[in-house]
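Engineer: I have a structure I would like to understand better, so I am pasting it below and will then ask my questions one at a time.
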Amino acid sequence: MSVIRFDDVSRVFSHDRSGVVALDHVSLEIADREFVAIVGPSGCGKTTCLRLVAGLEFPSSGTVSVDGRKVMWPGPDRAVVFQQFALFPWKTVYENIELGLRARGMAAGKRREVIERYMDLMNLCGHEQAYPHQLSGGMQQRVAIARAYALAPGVLLMDEPFGALDAQTRVVMQEELVRVTRANPRTVLFITHAVEESVYLADRVVVMTSRPGRVKEIIDVRPVREANRWDQYKRIEDVMDLESFVRLRTHIWKSLRDERSGAEREVERVSA
Amino acid sequence: MKLPMKLHHIARSEMDPVSIVRQTDAAHAAHRRRLARKSASEARGGVTRRSTLWALSAAGLITFFGIWWLAAAAQLIPAMFLPTPLAVAQRFVDLLTHPFVGFTLEQHLWSSLQRYLMGVLLAMAVGVPLGLMMGWFRWLDYIVSPLFETLRFIAPIAWVPFAALWFGTSVGGPVLIIFAGAFPPCVVNAYRGAKQVDERLLEAARMLGLSNRMIVCEVLLPGALPAVVAGLRVAAGLGWMSLVGAELIVASSGIGYMMVKGQAAVDTATVMSAMIAIGMVGAVIDLLLGRTEAFAMRHRRRARQ
């Protein structure tokens with residue numbers, strides 16, 4: 001069981017004396033093995049949400065808990081896939097995935113077995129001895145996902161994992177992530193600013209307001225997906241053509257668009 | 001591009017490690033500027049050929065020895081105080097086979113090198129882990145920093161009287177003085193290198209559940225390696241220079257001791273031979289560490305994201 005709870009969470013950054021409210025009284029519950037995507041305009045605090053669950057930041061008020069335990073520090077039970085991959089450049093692909101397993105004292109033979117399983121899952125075979133800089137961005141992110149999965153985490157946190165990839169690679173990775181997460185469900189918190197991506201991947205999509213970040217709307221995608229049997233299509237473009245997909249996408253897009261124009265107004269006001 | 005490396009070495013002779021680090025940074029910046037200038041001059045079609053550069057190096061040496069020889073041959077300075085280059089070279093070769101104050105030149109050098117290695121390796125073995133750990137554990141930083149920031153301003157040579165009181169002419173004295181010279185750059189560079197490791201990698205390491213020991217050994221050390229190795233190179237140079245200073249006072253053998261005795265005997269050729277030996281060994285040490293640096297960096301050039 002891995003349930004994530006945001007209980008009236010606020011986060012204020014105080015760089016200079018004026019505090020910037022990144023999150024404003026956010027409450028949200030993510031069920032066990034549920035895939036939730038958070039979309040929002042940039043700077044709305046969606047990455048902050050993820051970092052709070054990861055234990056890399058802490059709320060100014062309210063609590064973030066996983067399985068009823070308040071998050072106090074980072075740990076392998078909440079694996080993070082970072083936007084910039086965050087692979088260790090001096091370690092090979094194999095060693096990168098191995099590091100977390102070694103940290104928990106897993107025996108070498110067992111480690112090999114686990115690493116091979118997840119390298120296989122992410123189509124990384126044959127790249128064991130490559131260094132990250134020898135791989136394309138897409139391959140590097142596969143390694144990062146394999147590294148996260150190998151930890152056997154209850155919670156998988158993905159911070160715009162495909163944001164740094166080119167469009168074609170991104171599509172392939174999205175399809176793979178659907179395949180992998182449907183086969184090995186985890187509680188996933190997925191941060192993105194791409195609407196299509198969120199609808200295609202998630203069970204529920206959380207739309208956030210621009211700064212200060214609040215939960216604006218939560219869209220239940222899963223019933224629609226299951227009713228229209230999206231999973232029978234292998235390719236993302238086939239799903240994206242479905243009327244049920246288009247309707248959800250347009251709905252979220254409009255919801256987000258209002259926020260964007262709000263953000264734009266903000267910019268105009270500040271620059272005026 | 002061999003020549004500028006020698007200039008780096010000279011720039012490092014400054015005794016204050018912070019300014020050394022700054023100089024190392026400045027040297028990197030200068031190197032980048034040189035590269036930029038080089039490509040700019042290549043764009044203009046003005047490629048300076050390697051042979052031309054070598055010729056310039058040779059010209060510098062020839063000018064130096066030429067002026068020396070002229071000054072000595074013309075007896076501008078008495079031969080007792082300025083022997084000709086040839087006389088010094090003869091004395092140098094002579095010292096290799098004929099003992100001076102008990103030992104030949106190589107024996108003196110070997111004795112110096114042993115002390116040097118003890119002091120420098122001790123400084124590296126303590127300084128690098130300390131610097132890395134100070135970069136990771138804030139409490140350690142707060143404990144050590146005030147102490148370190150004060151002690152590091154005591155120049156190696158200023159440790160000599162203290163070392164003499166404690167150790168006399170035994171090996172402990174020179175080792176302490178070399179340690180005093182080589183320790184600060186090890187600590188400062190490892191610390192700064194650890195602080196410059198990509199924050200995202202440290203977050204990833206904590207997320208993966210790495211122990212503190214694993215973070216220091218497998219993330220901070222490799223992440224800080226460029227800075228650490230640069231620090232080792234500075235430490236090696238400073239250690240070697242401190243050693244000679246130390247041996248001038250607290251030793252009964254070694255290259256510095258040889259110089260003091262040469263001075264007492266008004267044997268300028270011996271003193272100069274020893275100076276040449278010091279310079280040559282220093283250059284070899286720096287060359288070896290330069291190779292080590294290149295080896296340590298072999299994965300780095302393209303690894304920057």
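Scheme for the structure tokens: letters A, B, ... for chains in order shown; per-chain residue numbers from 1; ligand numbers from 1 in order shown.
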Identify, on the basis of only C-alpha atoms, every residue whose closest approach to Ser112 (chain B) does not exceed 10 Å; exclude the query and any residue fewer than 2 positions from it along the same chain; express the result as number ranges by chain.
Structural biologist: B: 106-110, 114-117, 174, 240, 243-244, 247, 251, 253-257, 278
Engineer: Could you take the residues named above and write them with N, CA, C and O atoms, as a CSV table (one decimal), in the first residue's frame?
Structural biologist:
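Result went into selection29.csv, see below:
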chain,number,residue,atom,x,y,z
B,106,GLU,N,72.4,12.2,-5.7
B,106,GLU,CA,71.2,11.3,-5.7
B,106,GLU,C,70.8,10.8,-4.3
B,106,GLU,O,69.6,10.7,-4.0
B,107,GLN,N,71.8,10.6,-3.5
B,107,GLN,CA,71.5,10.1,-2.1
B,107,GLN,C,70.8,11.3,-1.3
B,107,GLN,O,69.8,11.0,-0.6
B,108,HIS,N,71.3,12.5,-1.5
B,108,HIS,CA,70.6,13.6,-0.9
B,108,HIS,C,69.2,13.7,-1.4
B,108,HIS,O,68.3,13.9,-0.6
B,109,LEU,N,69.1,13.6,-2.7
B,109,LEU,CA,67.7,13.7,-3.3
B,109,LEU,C,66.8,12.7,-2.8
B,109,LEU,O,65.6,12.9,-2.5
B,110,TRP,N,67.3,11.4,-2.7
B,110,TRP,CA,66.5,10.3,-2.3
B,110,TRP,C,66.0,10.5,-0.8
B,110,TRP,O,64.9,10.3,-0.5
B,114,GLN,N,62.1,10.9,0.3
B,114,GLN,CA,61.4,10.1,1.2
B,114,GLN,C,60.6,10.9,2.2
B,114,GLN,O,59.5,10.7,2.5
B,115,ARG,N,61.3,12.0,2.7
B,115,ARG,CA,60.6,12.9,3.6
B,115,ARG,C,59.4,13.5,2.9
B,115,ARG,O,58.3,13.7,3.5
B,116,TYR,N,59.7,13.9,1.7
B,116,TYR,CA,58.7,14.6,0.9
B,116,TYR,C,57.4,13.7,0.7
B,116,TYR,O,56.3,14.1,1.0
B,117,LEU,N,57.7,12.4,0.4
B,117,LEU,CA,56.6,11.5,0.1
B,117,LEU,C,55.8,11.3,1.4
B,117,LEU,O,54.5,11.3,1.4
B,174,PRO,N,60.8,17.9,9.2
B,174,PRO,CA,60.5,18.1,7.8
B,174,PRO,C,59.1,17.6,7.4
B,174,PRO,O,58.3,18.3,6.6
B,240,TRP,N,56.9,20.3,-2.1
B,240,TRP,CA,58.3,20.2,-2.5
B,240,TRP,C,59.0,21.5,-2.1
B,240,TRP,O,60.2,21.4,-1.6
B,243,LEU,N,59.6,21.6,1.6
B,243,LEU,CA,60.6,20.6,2.0
B,243,LEU,C,62.0,21.3,2.0
B,243,LEU,O,62.7,21.2,3.0
B,244,VAL,N,62.3,21.9,0.9
B,244,VAL,CA,63.6,22.5,0.8
B,244,VAL,C,63.8,23.5,1.9
B,244,VAL,O,64.9,23.6,2.5
B,247,GLU,N,64.5,21.7,5.1
B,247,GLU,CA,65.8,21.1,5.2
B,247,GLU,C,66.9,22.1,5.4
B,247,GLU,O,68.0,21.7,5.8
B,251,ALA,N,67.5,19.4,9.3
B,251,ALA,CA,67.9,18.1,8.6
B,251,ALA,C,69.4,17.9,8.7
B,251,ALA,O,70.1,18.8,8.9
B,253,SER,N,70.6,15.6,6.3
B,253,SER,CA,70.9,15.1,5.0
B,253,SER,C,69.8,15.7,4.1
B,253,SER,O,68.9,16.4,4.6
B,254,GLY,N,69.9,15.5,2.8
B,254,GLY,CA,68.9,16.0,1.9
B,254,GLY,C,69.4,17.2,1.1
B,254,GLY,O,70.4,17.8,1.4
B,255,ILE,N,68.6,17.5,0.1
B,255,ILE,CA,69.1,18.5,-0.9
B,255,ILE,C,69.2,19.9,-0.2
B,255,ILE,O,70.1,20.7,-0.6
B,256,GLY,N,68.3,20.2,0.7
B,256,GLY,CA,68.4,21.5,1.4
B,256,GLY,C,69.6,21.6,2.3
B,256,GLY,O,70.3,22.7,2.3
B,257,TYR,N,69.8,20.5,3.0
B,257,TYR,CA,71.0,20.5,3.8
B,257,TYR,C,72.3,20.6,3.0
B,257,TYR,O,73.2,21.4,3.4
B,278,ILE,N,66.6,20.6,-7.6
B,278,ILE,CA,65.3,20.9,-7.0
B,278,ILE,C,64.3,21.2,-8.1
B,278,ILE,O,63.2,20.7,-8.2
Engineer: Show me which bits of chain A are within 7 Å of chain B, counting only C-alpha atoms, as a PyMOL selection string.
Structural biologist: chain A and resi 74-76+79-80+86+88-90+100+103+133
Engineer: Which residues, written as an MDAnalysis selection string, have at least one atom at most 8 Å from Leu101 (chain A), with only C-alpha atoms counted and residues fewer than 3 positions away on the same chain left out?
Structural biologist: chainID A and resid 97:98 104:106 111 150:151
Engineer: List the spatial neighbours of region 285-289 of chain B as a PyMOL selection string - criterion: any atom at most 7 Å away, only C-alpha atoms, same-chain residues fewer than 4 positions off excluded.
Structural biologist: chain B and resi 233+237+281+293
Engineer: Mind the document's chain letters and residue numbers, and return as number ranges by chain the residues of region 146-256 of chain A that DSSP labels alpha helix (DSSP H).
Structural biologist: A: 146-150, 167-183, 195-201, 222-227, 236-241, 243-256
Engineer: Could you find all residues in region 37-241 of chain A that DSSP calls strand (DSSP E or B) from the backbone, and write them as an MDAnalysis selection string?
Structural biologist: chainID A and resid 37:39 61:66 69:70 78:81 155:159 187:192 204:208 213 215:220
Engineer: For the selection you just gave me, I'd like the residues written to a file as an mmCIF file, in the first residue's frame, keeping N, CA and C atoms.
Structural biologist:
data_model
loop_
_atom_site.group_PDB
_atom_site.id
_atom_site.type_symbol
_atom_site.label_atom_id
_atom_site.label_comp_id
_atom_site.auth_asym_id
_atom_site.auth_seq_id
_atom_site.Cartn_x
_atom_site.Cartn_y
_atom_site.Cartn_z
ATOM 1 N N ALA A 37 -1.469 12.626 -12.752
ATOM 2 C CA ALA A 37 -0.627 13.628 -13.397
ATOM 3 C C ALA A 37 -1.057 14.999 -12.920
ATOM 4 N N ILE A 38 -0.066 15.833 -12.649
ATOM 5 C CA ILE A 38 -0.368 17.217 -12.310
ATOM 6 C C ILE A 38 0.040 18.078 -13.493
ATOM 7 N N VAL A 39 -0.921 18.831 -14.051
ATOM 8 C CA VAL A 39 -0.577 19.783 -15.103
ATOM 9 C C VAL A 39 -0.818 21.186 -14.578
ATOM 10 N N SER A 61 3.408 24.855 5.781
ATOM 11 C CA SER A 61 2.358 24.430 6.719
ATOM 12 C C SER A 61 1.619 23.260 6.091
ATOM 13 N N GLY A 62 0.902 22.535 6.921
ATOM 14 C CA GLY A 62 0.232 21.328 6.432
ATOM 15 C C GLY A 62 1.193 20.154 6.428
ATOM 16 N N THR A 63 0.696 18.973 6.055
ATOM 17 C CA THR A 63 1.574 17.803 6.038
ATOM 18 C C THR A 63 1.427 17.019 4.737
ATOM 19 N N VAL A 64 2.523 16.451 4.333
ATOM 20 C CA VAL A 64 2.527 15.502 3.225
ATOM 21 C C VAL A 64 2.866 14.157 3.833
ATOM 22 N N SER A 65 2.050 13.154 3.554
ATOM 23 C CA SER A 65 2.343 11.850 4.131
ATOM 24 C C SER A 65 2.216 10.763 3.082
ATOM 25 N N VAL A 66 2.961 9.704 3.284
ATOM 26 C CA VAL A 66 2.857 8.511 2.439
ATOM 27 C C VAL A 66 2.528 7.355 3.373
ATOM 28 N N ARG A 69 2.469 8.082 7.077
ATOM 29 C CA ARG A 69 3.689 8.557 7.739
ATOM 30 C C ARG A 69 4.128 9.864 7.093
ATOM 31 N N LYS A 70 4.363 10.854 7.938
ATOM 32 C CA LYS A 70 4.794 12.162 7.454
ATOM 33 C C LYS A 70 6.141 12.023 6.737
ATOM 34 N N ARG A 78 10.345 6.116 -2.314
ATOM 35 C CA ARG A 78 9.722 7.127 -3.185
ATOM 36 C C ARG A 78 10.725 7.504 -4.265
ATOM 37 N N ALA A 79 10.803 6.677 -5.296
ATOM 38 C CA ALA A 79 11.817 6.863 -6.329
ATOM 39 C C ALA A 79 11.462 8.048 -7.218
ATOM 40 N N VAL A 80 12.484 8.825 -7.556
ATOM 41 C CA VAL A 80 12.271 10.013 -8.375
ATOM 42 C C VAL A 80 12.931 9.826 -9.737
ATOM 43 N N VAL A 81 12.213 10.193 -10.791
ATOM 44 C CA VAL A 81 12.815 10.300 -12.123
ATOM 45 C C VAL A 81 12.886 11.790 -12.425
ATOM 46 N N VAL A 155 6.149 4.274 -4.375
ATOM 47 C CA VAL A 155 5.752 5.503 -5.056
ATOM 48 C C VAL A 155 6.801 5.863 -6.101
ATOM 49 N N LEU A 156 6.305 6.225 -7.285
ATOM 50 C CA LEU A 156 7.201 6.646 -8.359
ATOM 51 C C LEU A 156 6.883 8.115 -8.656
ATOM 52 N N LEU A 157 7.897 8.957 -8.552
ATOM 53 C CA LEU A 157 7.694 10.389 -8.754
ATOM 54 C C LEU A 157 8.423 10.808 -10.020
ATOM 55 N N MET A 158 7.679 11.370 -10.967
ATOM 56 C CA MET A 158 8.300 11.717 -12.245
ATOM 57 C C MET A 158 8.130 13.205 -12.512
ATOM 58 N N ASP A 159 9.238 13.896 -12.575
ATOM 59 C CA ASP A 159 9.232 15.352 -12.696
ATOM 60 C C ASP A 159 9.510 15.754 -14.143
ATOM 61 N N THR A 187 2.116 3.560 -7.381
ATOM 62 C CA THR A 187 1.510 4.861 -7.155
ATOM 63 C C THR A 187 2.413 5.883 -7.834
ATOM 64 N N VAL A 188 1.885 6.545 -8.871
ATOM 65 C CA VAL A 188 2.735 7.446 -9.647
ATOM 66 C C VAL A 188 2.231 8.872 -9.529
ATOM 67 N N LEU A 189 3.157 9.780 -9.259
ATOM 68 C CA LEU A 189 2.863 11.203 -9.355
ATOM 69 C C LEU A 189 3.708 11.734 -10.496
ATOM 70 N N PHE A 190 3.034 12.212 -11.518
ATOM 71 C CA PHE A 190 3.701 12.575 -12.766
ATOM 72 C C PHE A 190 3.468 14.058 -13.016
ATOM 73 N N ILE A 191 4.551 14.808 -13.116
ATOM 74 C CA ILE A 191 4.441 16.258 -13.318
ATOM 75 C C ILE A 191 4.689 16.552 -14.791
ATOM 76 N N THR A 192 3.823 17.366 -15.384
ATOM 77 C CA THR A 192 4.033 17.710 -16.791
ATOM 78 C C THR A 192 3.347 19.029 -17.089
ATOM 79 N N ARG A 204 -5.909 9.956 -13.201
ATOM 80 C CA ARG A 204 -6.563 11.232 -12.892
ATOM 81 C C ARG A 204 -5.594 12.355 -13.229
ATOM 82 N N VAL A 205 -6.153 13.459 -13.707
ATOM 83 C CA VAL A 205 -5.331 14.626 -14.023
ATOM 84 C C VAL A 205 -5.726 15.763 -13.092
ATOM 85 N N VAL A 206 -4.726 16.304 -12.411
ATOM 86 C CA VAL A 206 -4.956 17.438 -11.520
ATOM 87 C C VAL A 206 -4.517 18.702 -12.244
ATOM 88 N N VAL A 207 -5.440 19.644 -12.405
ATOM 89 C CA VAL A 207 -5.089 20.928 -13.025
ATOM 90 C C VAL A 207 -4.828 21.930 -11.914
ATOM 91 N N MET A 208 -3.688 22.591 -11.999
ATOM 92 C CA MET A 208 -3.344 23.573 -10.970
ATOM 93 C C MET A 208 -3.459 24.988 -11.497
ATOM 94 N N GLY A 213 -0.104 28.336 -6.404
ATOM 95 C CA GLY A 213 -0.599 27.064 -6.905
ATOM 96 C C GLY A 213 -1.708 26.489 -6.023
ATOM 97 N N VAL A 215 -5.197 23.570 -6.282
ATOM 98 C CA VAL A 215 -5.828 22.561 -7.130
ATOM 99 C C VAL A 215 -7.066 23.193 -7.739
ATOM 100 N N LYS A 216 -7.086 23.291 -9.067
ATOM 101 C CA LYS A 216 -8.215 23.939 -9.722
ATOM 102 C C LYS A 216 -9.302 22.924 -10.025
ATOM 103 N N GLU A 217 -8.878 21.775 -10.515
ATOM 104 C CA GLU A 217 -9.852 20.814 -11.016
ATOM 105 C C GLU A 217 -9.174 19.448 -11.068
ATOM 106 N N ILE A 218 -9.945 18.406 -10.809
ATOM 107 C CA ILE A 218 -9.406 17.061 -10.950
ATOM 108 C C ILE A 218 -10.262 16.311 -11.955
ATOM 109 N N ILE A 219 -9.631 15.784 -12.991
ATOM 110 C CA ILE A 219 -10.380 15.106 -14.054
ATOM 111 C C ILE A 219 -10.117 13.614 -13.972
ATOM 112 N N ASP A 220 -11.193 12.859 -13.906
ATOM 113 C CA ASP A 220 -11.076 11.409 -13.817
ATOM 114 C C ASP A 220 -10.965 10.841 -15.228
#
Engineer: Would you mind telling me which residue in B:Val187, B:Leu122, B:Arg50, B:Ala71 lies nearest to Arg152 (chain B) when using only C-alpha atoms?
Structural biologist: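 That would be B:Val187, the residue with the smallest distance to Arg152 (chain B).
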Engineer: Using only C-alpha atoms, which of A:Arg214, A:Arg235, A:Arg117, A:Arg225 sits nearest Glu175 (chain A)?
Structural biologist: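 Using only C-alpha atoms, Glu175 (chain A) sits closest to A:Arg235.
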